[in-house]
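Source file: coords.txt. Holds: compact mmCIF, C-alpha atoms and all ligand atoms.
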```txt
# COMPACT_ATOMS: atom_id res chain seq x y z
CA MET C 1 -2.27 20.46 8.89
CA THR C 2 -2.23 23.63 6.85
CA GLN C 3 -4.63 23.93 3.98
CA THR C 4 -4.21 26.70 1.47
CA THR C 5 -7.34 26.21 -0.62
CA THR C 6 -10.64 24.59 0.19
CA ALA C 7 -10.92 22.75 -3.14
CA ARG C 8 -7.65 20.85 -2.83
CA ARG C 9 -7.30 17.46 -4.43
CA ARG C 10 -7.80 14.70 -1.88
CA ILE C 11 -5.48 11.72 -1.85
CA PHE C 12 -5.93 8.60 0.24
CA SER C 13 -3.82 5.49 0.45
CA GLY C 14 -3.17 2.68 2.87
CA ILE C 15 -0.79 -0.04 3.93
CA LYS C 16 -1.69 -3.28 5.65
CA PRO C 17 0.25 -4.37 8.76
CA SER C 18 0.31 -8.03 7.76
CA GLY C 19 4.12 -8.24 7.62
CA HIS C 20 7.22 -6.09 7.69
CA LEU C 21 7.25 -3.36 5.05
CA THR C 22 9.18 -4.25 1.91
CA LEU C 23 11.12 -2.55 -0.82
CA GLY C 24 8.04 -3.16 -3.02
CA ASN C 25 5.85 -1.13 -0.64
CA TYR C 26 8.46 1.61 -0.58
CA LEU C 27 9.12 1.93 -4.31
CA GLY C 28 5.55 1.15 -5.39
CA ALA C 29 3.76 3.43 -2.96
CA VAL C 30 5.38 5.02 0.09
CA ARG C 31 8.14 6.95 -1.66
CA ARG C 32 5.62 8.73 -3.84
CA TRP C 33 3.44 9.56 -0.84
CA VAL C 34 6.48 11.23 0.69
CA GLN C 35 7.98 12.94 -2.34
CA GLU C 36 4.87 14.02 -4.21
CA ASP C 37 1.50 13.42 -2.64
CA GLN C 38 1.86 15.09 0.75
CA ASP C 39 2.92 18.34 -0.91
CA ASN C 40 0.54 18.38 -3.85
CA ALA C 41 -2.74 17.46 -2.23
CA ASP C 42 -4.65 17.09 0.99
CA ALA C 43 -3.31 13.61 1.62
CA LEU C 44 -4.38 10.99 4.13
CA PHE C 45 -2.36 7.83 4.78
CA CYS C 46 -3.66 4.98 6.81
CA VAL C 47 -2.29 1.85 8.45
CA VAL C 48 -5.20 -0.40 7.56
CA ASP C 49 -5.17 -2.81 10.48
CA LEU C 50 -8.68 -4.20 9.93
CA HIS C 51 -7.45 -5.60 6.61
CA ALA C 52 -4.77 -7.59 8.47
CA LEU C 53 -7.49 -9.69 10.12
CA THR C 54 -8.67 -11.27 6.88
CA VAL C 55 -6.19 -14.14 7.20
CA GLU C 56 -4.98 -16.07 10.22
CA HIS C 57 -3.09 -13.63 12.46
CA ASP C 58 -1.47 -13.26 15.82
CA PRO C 59 -3.11 -10.33 17.69
CA ALA C 60 0.11 -9.20 19.39
CA ARG C 61 1.94 -9.25 16.05
CA VAL C 62 -0.72 -7.15 14.32
CA ARG C 63 -0.46 -4.57 17.13
CA ARG C 64 3.33 -4.55 16.85
CA LEU C 65 3.30 -4.30 13.06
CA THR C 66 0.72 -1.50 13.15
CA ARG C 67 2.96 0.59 15.37
CA GLN C 68 5.99 -0.34 13.29
CA ALA C 69 4.32 0.57 9.99
CA ALA C 70 3.28 3.98 11.33
CA THR C 71 6.80 4.60 12.66
CA LEU C 72 8.33 3.57 9.34
CA LEU C 73 6.02 5.83 7.36
CA LEU C 74 7.18 8.75 9.48
CA ALA C 75 10.79 7.59 9.14
CA ALA C 76 10.35 7.48 5.36
CA GLY C 77 9.38 11.15 5.46
CA LEU C 78 5.64 11.50 5.92
CA ASP C 79 5.29 14.76 7.79
CA PRO C 80 2.27 15.21 10.08
CA GLU C 81 2.39 18.94 9.31
CA ARG C 82 1.77 18.18 5.65
CA CYS C 83 -0.45 15.09 5.71
CA THR C 84 -2.74 13.07 7.96
CA LEU C 85 -1.49 9.71 9.24
CA PHE C 86 -3.76 7.42 11.24
CA VAL C 87 -4.79 3.87 12.04
CA GLN C 88 -7.93 2.55 10.32
CA SER C 89 -9.55 0.95 13.39
CA HIS C 90 -9.33 4.27 15.26
CA VAL C 91 -11.92 5.72 12.89
CA ASP C 92 -15.26 3.86 13.09
CA GLU C 93 -16.46 5.32 9.80
CA HIS C 94 -14.49 2.74 7.79
CA ALA C 95 -16.37 -0.23 9.21
CA ARG C 96 -19.64 1.70 9.15
CA LEU C 97 -19.36 2.48 5.47
CA SER C 98 -18.01 -0.94 4.57
CA TYR C 99 -21.42 -2.48 5.21
CA LEU C 100 -23.07 -0.08 2.77
CA MET C 101 -20.43 -1.02 0.21
CA GLU C 102 -21.33 -4.69 0.73
CA CYS C 103 -24.91 -3.70 0.02
CA THR C 104 -23.80 -2.02 -3.21
CA ALA C 105 -21.36 -4.63 -4.56
CA THR C 106 -22.30 -8.03 -5.94
CA ASP C 107 -21.06 -11.43 -4.95
CA GLY C 108 -19.72 -11.96 -8.50
CA GLU C 109 -17.68 -8.75 -8.40
CA MET C 110 -16.00 -9.80 -5.18
CA ARG C 111 -15.21 -13.29 -6.44
CA ARG C 112 -13.58 -11.88 -9.59
CA MET C 113 -10.87 -10.03 -7.63
CA ILE C 114 -7.48 -11.48 -8.52
CA GLN C 115 -6.10 -11.10 -4.99
CA TYR C 116 -9.07 -12.94 -3.54
CA LYS C 117 -8.60 -15.81 -5.98
CA GLU C 118 -4.87 -16.05 -5.30
CA LYS C 119 -5.07 -15.71 -1.53
CA ALA C 120 -8.09 -17.99 -1.16
CA ALA C 121 -6.29 -20.66 -3.23
CA ARG C 122 -3.20 -20.29 -1.02
CA GLU C 123 -5.28 -20.62 2.17
CA ARG C 124 -7.15 -23.65 0.86
CA SER C 125 -3.99 -25.41 -0.29
CA SER C 126 -2.49 -24.99 3.18
CA GLY C 127 -5.61 -26.52 4.72
CA THR C 128 -6.85 -23.24 6.28
CA SER C 129 -10.45 -22.17 5.86
CA VAL C 130 -11.02 -18.92 4.00
CA ARG C 131 -12.42 -16.10 6.10
CA LEU C 132 -15.50 -14.32 4.77
CA SER C 133 -13.68 -11.01 5.30
CA LEU C 134 -11.12 -12.05 2.66
CA LEU C 135 -13.95 -12.04 0.14
CA THR C 136 -15.48 -8.78 1.34
CA TYR C 137 -12.09 -7.04 1.74
CA PRO C 138 -12.59 -4.82 -1.35
CA ALA C 139 -15.82 -3.44 0.15
CA LEU C 140 -13.86 -2.25 3.18
CA MET C 141 -11.14 -0.89 0.91
CA ALA C 142 -13.77 1.00 -1.12
CA ALA C 143 -15.11 2.41 2.16
CA ASP C 144 -11.58 3.53 3.14
CA ILE C 145 -11.31 5.47 -0.08
CA LEU C 146 -14.85 6.80 -0.50
CA ALA C 147 -15.31 8.01 3.09
CA TYR C 148 -12.88 10.85 2.36
CA GLY C 149 -14.12 12.13 -0.99
CA THR C 150 -10.85 10.86 -2.45
CA HIS C 151 -9.84 11.89 -5.99
CA GLU C 152 -6.63 9.88 -6.32
CA VAL C 153 -5.32 6.67 -4.80
CA PRO C 154 -1.56 6.20 -5.25
CA VAL C 155 -0.88 2.44 -5.22
CA GLY C 156 1.29 -0.23 -6.76
CA ASP C 157 -0.40 -1.98 -9.67
CA ASP C 158 -1.56 -5.00 -7.64
CA GLN C 159 -4.13 -2.71 -6.01
CA THR C 160 -5.46 -1.10 -9.18
CA GLN C 161 -8.26 -3.62 -9.60
CA HIS C 162 -9.53 -2.88 -6.07
CA VAL C 163 -9.50 0.85 -6.73
CA GLU C 164 -11.43 0.29 -9.96
CA LEU C 165 -14.03 -1.59 -7.98
CA ALA C 166 -14.25 1.34 -5.54
CA ARG C 167 -14.83 3.53 -8.59
CA ASP C 168 -17.65 1.31 -9.84
CA LEU C 169 -19.25 1.22 -6.40
CA ALA C 170 -19.11 5.01 -6.07
CA GLN C 171 -20.79 5.44 -9.44
CA ARG C 172 -23.43 2.80 -8.73
CA PHE C 173 -24.24 4.23 -5.31
CA ASN C 174 -24.48 7.77 -6.69
CA GLN C 175 -26.79 6.64 -9.50
CA ARG C 176 -29.09 4.73 -7.19
CA TYR C 177 -29.23 6.99 -4.17
CA GLY C 178 -27.90 10.41 -5.15
CA PRO C 179 -24.49 12.06 -5.46
CA VAL C 180 -22.71 11.24 -2.21
CA PHE C 181 -19.29 10.00 -3.35
CA THR C 182 -16.42 11.41 -5.36
CA VAL C 183 -15.35 8.90 -8.04
CA PRO C 184 -11.68 8.04 -7.36
CA ARG C 185 -8.93 6.82 -9.66
CA ALA C 186 -5.76 4.84 -9.06
CA THR C 187 -2.36 6.29 -9.88
CA ASN C 188 0.74 4.09 -10.30
CA PRO C 189 4.44 5.03 -10.26
CA ARG C 190 6.30 5.35 -13.57
CA ILE C 191 8.58 2.44 -12.69
CA SER C 192 8.43 -0.12 -9.90
CA ALA C 193 4.65 -0.35 -9.93
CA ARG C 194 5.31 -4.05 -9.35
CA VAL C 195 8.61 -4.99 -7.73
CA MET C 196 9.11 -8.71 -8.16
CA ASP C 197 10.41 -11.30 -5.70
CA LEU C 198 14.19 -11.64 -6.10
CA GLN C 199 13.98 -15.44 -5.95
CA ASP C 200 10.89 -15.72 -8.16
CA PRO C 201 10.81 -12.76 -10.53
CA THR C 202 7.48 -13.87 -11.96
CA SER C 203 5.68 -13.15 -8.70
CA LYS C 204 5.28 -9.93 -6.70
CA MET C 205 7.53 -9.14 -3.75
CA GLY C 206 4.87 -9.52 -1.05
CA LYS C 207 5.27 -8.79 2.66
CA SER C 208 3.19 -11.74 3.83
CA HIS C 209 4.90 -14.41 1.73
CA ALA C 210 6.39 -17.29 3.68
CA GLU C 211 9.65 -17.50 1.67
CA THR C 212 11.69 -14.43 2.61
CA ALA C 213 14.97 -14.92 0.68
CA GLY C 214 13.66 -12.88 -2.25
CA ILE C 215 12.14 -10.09 -0.19
CA VAL C 216 14.01 -6.98 0.91
CA TYR C 217 12.48 -5.56 4.08
CA LEU C 218 13.01 -1.90 4.89
CA LEU C 219 14.44 -2.85 8.28
CA ASP C 220 16.76 -5.59 7.03
CA GLU C 221 20.38 -5.19 8.13
CA PRO C 222 22.53 -3.79 5.28
CA GLU C 223 24.43 -7.06 5.02
CA ALA C 224 21.18 -9.00 4.58
CA VAL C 225 20.02 -6.58 1.86
CA ARG C 226 23.32 -6.99 0.04
CA LYS C 227 23.15 -10.77 0.27
CA LYS C 228 19.55 -11.00 -0.96
CA ILE C 229 20.26 -8.82 -3.98
CA MET C 230 23.58 -10.53 -4.83
CA ARG C 231 21.73 -13.89 -4.73
CA ALA C 232 18.81 -12.69 -6.86
CA VAL C 233 17.75 -15.18 -9.51
CA THR C 234 18.82 -13.92 -12.90
CA ASP C 235 18.18 -15.53 -16.26
CA SER C 236 20.21 -17.89 -18.34
CA GLY C 237 22.51 -15.97 -20.65
CA THR C 238 24.99 -13.26 -19.85
CA GLU C 239 23.81 -10.20 -21.71
CA VAL C 240 22.16 -7.44 -19.67
CA ARG C 241 18.96 -6.54 -21.55
CA TYR C 242 15.72 -4.94 -20.39
CA ASP C 243 13.18 -7.53 -21.43
CA ARG C 244 10.45 -8.22 -18.87
CA THR C 245 9.21 -11.34 -20.63
CA ALA C 246 12.45 -13.03 -21.68
CA GLN C 247 14.59 -11.82 -18.76
CA PRO C 248 12.28 -11.09 -15.82
CA GLY C 249 15.02 -11.39 -13.17
CA VAL C 250 17.37 -8.94 -14.86
CA ALA C 251 14.50 -6.60 -15.75
CA ASN C 252 13.41 -6.55 -12.11
CA LEU C 253 16.91 -5.54 -10.97
CA LEU C 254 17.04 -2.86 -13.65
CA ASP C 255 13.65 -1.55 -12.53
CA VAL C 256 14.76 -1.40 -8.91
CA LEU C 257 18.02 0.32 -9.84
CA ALA C 258 16.21 2.79 -12.11
CA SER C 259 13.66 3.51 -9.44
CA CYS C 260 16.33 4.12 -6.78
CA THR C 261 18.46 6.34 -8.99
CA ASP C 262 15.67 8.00 -10.95
CA GLY C 263 17.02 6.54 -14.17
CA LYS C 264 15.60 4.60 -17.10
CA PRO C 265 15.87 0.78 -17.03
CA GLU C 266 16.43 0.55 -20.80
CA VAL C 267 19.32 3.01 -20.61
CA LEU C 268 20.85 1.46 -17.51
CA ALA C 269 20.90 -1.96 -19.22
CA GLY C 270 23.57 -0.62 -21.61
CA GLU C 271 25.86 0.30 -18.72
CA PHE C 272 26.48 -3.26 -17.49
CA THR C 273 28.37 -6.10 -19.05
CA SER C 274 27.73 -8.66 -16.31
CA TYR C 275 24.92 -9.68 -13.98
CA GLY C 276 27.31 -9.44 -11.03
CA ALA C 277 28.03 -5.77 -11.69
CA LEU C 278 24.32 -5.03 -12.09
CA LYS C 279 23.54 -6.74 -8.78
CA LYS C 280 26.31 -4.87 -6.99
CA ALA C 281 25.12 -1.50 -8.29
CA THR C 282 21.52 -2.34 -7.39
CA ALA C 283 22.45 -3.42 -3.87
CA GLU C 284 24.40 -0.20 -3.28
CA ALA C 285 21.56 1.95 -4.64
CA VAL C 286 19.00 0.22 -2.42
CA LEU C 287 21.23 0.56 0.64
CA GLU C 288 21.75 4.24 -0.10
CA LEU C 289 18.01 4.76 -0.33
CA LEU C 290 17.18 2.85 2.85
CA ARG C 291 20.00 4.16 5.05
CA PRO C 292 18.25 7.39 6.15
CA VAL C 293 14.94 5.57 6.65
CA ARG C 294 16.54 3.03 8.98
CA ALA C 295 18.38 5.74 10.89
CA ARG C 296 15.26 7.86 11.37
CA HIS C 297 13.28 4.75 12.36
CA ALA C 298 15.76 4.03 15.15
CA GLU C 299 15.40 7.63 16.40
CA LEU C 300 11.60 7.49 16.34
CA CYS C 301 11.55 4.15 18.19
CA ALA C 302 13.18 5.96 21.09
CA ASP C 303 10.18 8.31 21.24
CA PRO C 304 7.00 6.21 21.01
CA SER C 305 4.87 8.95 22.55
CA TYR C 306 5.60 11.14 19.51
CA VAL C 307 4.25 8.46 17.16
CA GLU C 308 1.19 7.93 19.39
CA GLY C 309 0.51 11.66 19.37
CA VAL C 310 0.70 11.80 15.56
CA LEU C 311 -1.75 8.89 15.28
CA ARG C 312 -4.14 10.45 17.81
CA THR C 313 -4.22 13.79 15.99
CA GLY C 314 -4.48 12.01 12.64
CA ALA C 315 -7.48 9.94 13.74
CA GLU C 316 -9.24 13.02 15.09
CA ARG C 317 -8.91 14.82 11.79
CA ALA C 318 -9.86 11.73 9.77
CA ARG C 319 -13.00 11.20 11.90
CA GLY C 320 -14.07 14.78 11.32
CA LEU C 321 -13.64 14.40 7.56
CA ALA C 322 -15.31 11.02 7.19
CA ARG C 323 -18.27 11.39 9.51
CA PRO C 324 -20.44 13.80 7.46
CA ARG C 325 -20.01 11.81 4.23
CA VAL C 326 -20.78 8.48 5.87
CA ASP C 327 -23.82 10.03 7.58
CA ALA C 328 -24.95 11.32 4.17
CA ALA C 329 -24.55 7.83 2.69
CA TYR C 330 -26.59 6.32 5.55
CA ALA C 331 -29.36 8.82 4.96
CA ALA C 332 -29.28 8.45 1.17
CA ILE C 333 -29.55 4.65 1.25
CA GLY C 334 -32.70 4.79 3.37
CA LEU C 335 -31.61 4.59 7.00
CA LEU C 336 -33.51 6.78 9.41
CA PRO C 337 -31.14 9.25 11.10
CA PRO C 338 -31.15 9.07 14.91
CA ALA C 339 -33.47 11.70 16.43
P1 LIG P 401 -0.39 -3.53 0.78
O1 LIG P 401 -0.27 -3.33 2.25
O2 LIG P 401 -0.26 -4.91 0.25
O3 LIG P 401 0.64 -2.63 0.03
C1 LIG P 401 0.77 -1.24 0.31
C2 LIG P 401 1.14 -0.52 -0.98
O4 LIG P 401 2.35 -1.05 -1.51
C3 LIG P 401 2.15 -1.47 -2.87
N1 LIG P 401 2.95 -2.67 -3.12
C4 LIG P 401 3.80 -2.80 -4.13
N2 LIG P 401 4.16 -1.97 -5.12
C5 LIG P 401 5.08 -2.40 -6.00
N3 LIG P 401 5.66 -3.62 -5.94
C6 LIG P 401 5.34 -4.49 -4.97
N4 LIG P 401 5.92 -5.67 -4.91
C7 LIG P 401 4.37 -4.09 -4.01
N5 LIG P 401 3.82 -4.70 -2.91
C8 LIG P 401 2.94 -3.82 -2.40
C9 LIG P 401 0.66 -1.79 -2.96
O5 LIG P 401 0.21 -1.74 -4.28
C10 LIG P 401 0.09 -0.71 -2.07
O6 LIG P 401 -0.05 0.50 -2.79
N6 LIG P 401 -5.32 -3.40 0.04
C11 LIG P 401 -4.14 -2.59 0.21
C12 LIG P 401 -4.22 -1.66 1.38
C13 LIG P 401 -5.41 -0.76 1.38
C14 LIG P 401 -5.55 0.42 0.61
C15 LIG P 401 -6.82 0.96 0.98
C16 LIG P 401 -4.76 1.04 -0.36
C17 LIG P 401 -6.53 -0.90 2.14
N7 LIG P 401 -7.36 0.14 1.90
C18 LIG P 401 -7.29 2.12 0.38
C19 LIG P 401 -5.23 2.20 -0.93
C20 LIG P 401 -6.49 2.74 -0.57
C21 LIG P 401 -2.96 -3.51 0.46
O7 LIG P 401 -3.11 -4.64 0.89
O8 LIG P 401 -1.76 -2.91 0.27
```

What is this structure when it is put down as structure tokens?
Ligand code: TYM
Amino acid sequence: MTQTTTARRRIFSGIKPSGHLTLGNYLGAVRRWVQEDQDNADALFCVVDLHALTVEHDPARVRRLTRQAATLLLAAGLDPERCTLFVQSHVDEHARLSYLMECTATDGEMRRMIQYKEKAARERSSGTSVRLSLLTYPALMAADILAYGTHEVPVGDDQTQHVELARDLAQRFNQRYGPVFTVPRATNPRISARVMDLQDPTSKMGKSHAETAGIVYLLDEPEAVRKKIMRAVTDSGTEVRYDRTAQPGVANLLDVLASCTDGKPEVLAGEFTSYGALKKATAEAVLELLRPVRARHAELCADPSYVEGVLRTGAERARGLARPRVDAAYAAIGLLPPA
């Protein structure tokens, strides 16, 4: 990791290995990490495996998905020479700081989180009990961010509320116990901050959803990608307009197409006279975008020791960065340092 100045902006972001990575993850977050963040800041990216334990999980699957997510991030273009890539559970500081965040946040704040409300409702309706860690999840996420003195957190817009909570916790902690934390802010992409499910364009394309027909996974076979996009739910009517409220299905396709081709959804709308043509163009643009990622992923899978080495080096650097700040937080809050 080369660092040209000492006062570089720090960026941190993470991805949860709770399912296969989706087009939403890619367009909403990962692509920006690759194309902008790793070159413009001291950037750390983390496969946040502890967060995958907040709902019922299969241990072997979490391990597999953790390795796969790291491999895919490298395949997408994260370069260990330009950024730090690591696995959350390899750096103890996250769990250590999370407890202090729980001691800073309130029960009401946690219960107000939209994702908690949605996920807890889903768990309850399927007869599963809700894990306590699902409620305290944003405290761990705040710890992830604050341990590194992070200035910016590039995320899709579903995560903005959690980053705002991290911001509040940093400010509250600093006011109560002294200036330990940098106050972070979320940044969202210009378009595709929320890629919607192709079968239900009023809900987010989410990697852990049970219904997969509306979700494009980065490792889907090209034919599957084409099929999913060609079968996307569009709206009644025939005119191609960019109207997120009246035509959410069409608007979602236009957003995806614009995001893949670096265009403007409103302008692209004028170029199509049928939904079929829009779907075809979108499918081709997505395939074009994913082709090199899939190819590089296949190459990296043949060399697992390379990926392991990247994660080992990444965790070492992350530990070195996080440790002093977490120690400072422990001291500031009133814990006696070990002799
Ligand atoms: P996760 O794993 O759900 O998603 C990873 C990133 O992808 C974005 N994203 C989307 N963007 C646009 N459209 C979509 N349909 C879509 N689906 C997902 C997310 O906004 C996110 O940026 N809690 C986080 C992981 C996390 C984290 C952190 C992030 C843990 N600690 C600290 C940043 C900083 C999560 O579950 O993301």

- Message: Can you pull out every residue with an atom within 7 Å of ligand LIG 401 (chain P)? Use all atoms listed in the file and format it as an MDAnalysis selection string.
- Response: chainID C and resid 12:17 24:30 48 51 141:142 144:145 153:159 192:196 204:206

Mind dumping a table of every segment 16-102 of chain C residue within 9 Å of segment 219-238 of chain C, with the nearest atom pair and its distance in Å to one decimal, using all atoms listed in the file, sorted by chain and rising number, as a Markdown table?
```
| residue | atom | partner | partner_atom | distance |
| --- | --- | --- | --- | --- |
| C:His20 | CA | C:Leu219 | CA | 7.9 |
| C:Leu21 | CA | C:Leu219 | CA | 7.9 |
| C:Thr22 | CA | C:Leu219 | CA | 8.4 |
| C:Leu72 | CA | C:Leu219 | CA | 8.9 |
```

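Neighbours of Asp49 of chain C closer than or equal to 9 Å, with all atoms listed in the file counted and sequence neighbours fewer than 5 positions away skipped, come out as Ile15, Lys16, Pro17, Ser18, Val62, Arg63, Leu65, Thr66, Val87, Gln88 and Ser89 of chain C.
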
- Message: The residues within 12 Å of (14.3, -10.5, -17.9), using only C-alpha atoms and the coordinates of the file, should be reported as a ChimeraX atom specification; which are they?
- Response: /C:196,198,200-202,233-255,265-266,269,275

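With only C-alpha atoms as the atoms that count, the minimum distance from Ala258 of chain C to the choices C:Gly276, C:Asn174, C:Ala285, C:Asp92 is reached by C:Ala285.
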
- Just give me the residues with any atom within 12 Å of (-14.1, -9.9, -8.2), file coordinates, counting only C-alpha atoms, written as a PyMOL selection string. chain C and resi 105-118+134-139+161-166+168

- Task: Select, from C:Pro304, C:Pro292, C:Gly263, C:Gly178, the residue with the minimum atom-to-atom distance to Arg67 of chain C, counting all atoms listed in the file.
- Result: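 Among the listed residues, C:Pro304 lies closest to Arg67 of chain C.
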
Dump as JSON lines the rows for residues of segment 88-138 of chain C within 10 Å of segment 325-330 of chain C: closest atom pair and distance in Å with one decimal, all atoms listed in the file counted, ordered by chain and rising residue number.
```
{"residue": "C:Glu93", "atom": "CA", "partner": "C:Val326", "partner_atom": "CA", "distance": 6.6}
{"residue": "C:His94", "atom": "CA", "partner": "C:Val326", "partner_atom": "CA", "distance": 8.7}
{"residue": "C:Arg96", "atom": "CA", "partner": "C:Val326", "partner_atom": "CA", "distance": 7.6}
{"residue": "C:Leu97", "atom": "CA", "partner": "C:Val326", "partner_atom": "CA", "distance": 6.2}
{"residue": "C:Ser98", "atom": "CA", "partner": "C:Val326", "partner_atom": "CA", "distance": 9.9}
{"residue": "C:Leu100", "atom": "CA", "partner": "C:Tyr330", "partner_atom": "CA", "distance": 7.8}
```

- Message: I'd like the contact shell of Thr104 of chain C - 9 Å cut-off, all atoms listed in the file, skipping same-chain residues fewer than 6 positions apart - returned as a VMD selection string.
- Response: chain C and resid 139 169 to 170 172 to 173

Export segment 118-137 of chain C, N, CA and C atoms, as a tab-separated table (two decimals), in the first residue's frame; it's the structure right above.
```tsv
chain	number	residue	atom	x	y	z
C	118	GLU	N	-37.74	-4.13	9.03
C	118	GLU	CA	-38.12	-5.00	7.90
C	118	GLU	C	-37.67	-6.44	8.13
C	119	LYS	N	-36.40	-6.58	8.53
C	119	LYS	CA	-35.86	-7.95	8.66
C	119	LYS	C	-36.49	-8.66	9.85
C	120	ALA	N	-36.71	-7.95	10.94
C	120	ALA	CA	-37.32	-8.58	12.12
C	120	ALA	C	-38.74	-9.05	11.76
C	121	ALA	N	-39.46	-8.21	11.00
C	121	ALA	CA	-40.83	-8.59	10.61
C	121	ALA	C	-40.79	-9.85	9.74
C	122	ARG	N	-39.80	-9.90	8.82
C	122	ARG	CA	-39.68	-11.06	7.94
C	122	ARG	C	-39.38	-12.32	8.76
C	123	GLU	N	-38.46	-12.20	9.72
C	123	GLU	CA	-38.10	-13.36	10.55
C	123	GLU	C	-39.33	-13.84	11.33
C	124	ARG	N	-40.03	-12.86	11.93
C	124	ARG	CA	-41.17	-13.24	12.77
C	124	ARG	C	-42.24	-13.92	11.94
C	125	SER	N	-42.49	-13.36	10.72
C	125	SER	CA	-43.57	-13.93	9.92
C	125	SER	C	-43.21	-15.34	9.42
C	126	SER	N	-41.91	-15.65	9.38
C	126	SER	CA	-41.57	-17.02	8.97
C	126	SER	C	-41.39	-17.93	10.19
C	127	GLY	N	-41.78	-17.42	11.37
C	127	GLY	CA	-41.77	-18.25	12.57
C	127	GLY	C	-40.40	-18.39	13.22
C	128	THR	N	-39.40	-17.59	12.76
C	128	THR	CA	-38.05	-17.66	13.32
C	128	THR	C	-37.92	-16.60	14.41
C	129	SER	N	-37.19	-16.92	15.48
C	129	SER	CA	-37.01	-15.88	16.49
C	129	SER	C	-35.92	-14.91	16.03
C	130	VAL	N	-36.06	-13.66	16.48
C	130	VAL	CA	-35.15	-12.61	16.02
C	130	VAL	C	-33.93	-12.57	16.93
C	131	ARG	N	-32.75	-12.67	16.32
C	131	ARG	CA	-31.53	-12.65	17.12
C	131	ARG	C	-31.26	-11.25	17.67
C	132	LEU	N	-30.72	-11.19	18.87
C	132	LEU	CA	-30.40	-9.89	19.47
C	132	LEU	C	-29.41	-9.13	18.59
C	133	SER	N	-28.52	-9.86	17.94
C	133	SER	CA	-27.50	-9.20	17.11
C	133	SER	C	-28.11	-8.49	15.90
C	134	LEU	N	-29.34	-8.88	15.52
C	134	LEU	CA	-29.99	-8.16	14.41
C	134	LEU	C	-30.35	-6.73	14.88
C	135	LEU	N	-30.71	-6.63	16.14
C	135	LEU	CA	-31.02	-5.31	16.70
C	135	LEU	C	-29.75	-4.48	16.90
C	136	THR	N	-28.69	-5.12	17.37
C	136	THR	CA	-27.47	-4.35	17.69
C	136	THR	C	-26.52	-4.20	16.49
C	137	TYR	N	-26.89	-4.78	15.37
C	137	TYR	CA	-26.12	-4.72	14.11
C	137	TYR	C	-25.54	-3.32	13.83
```
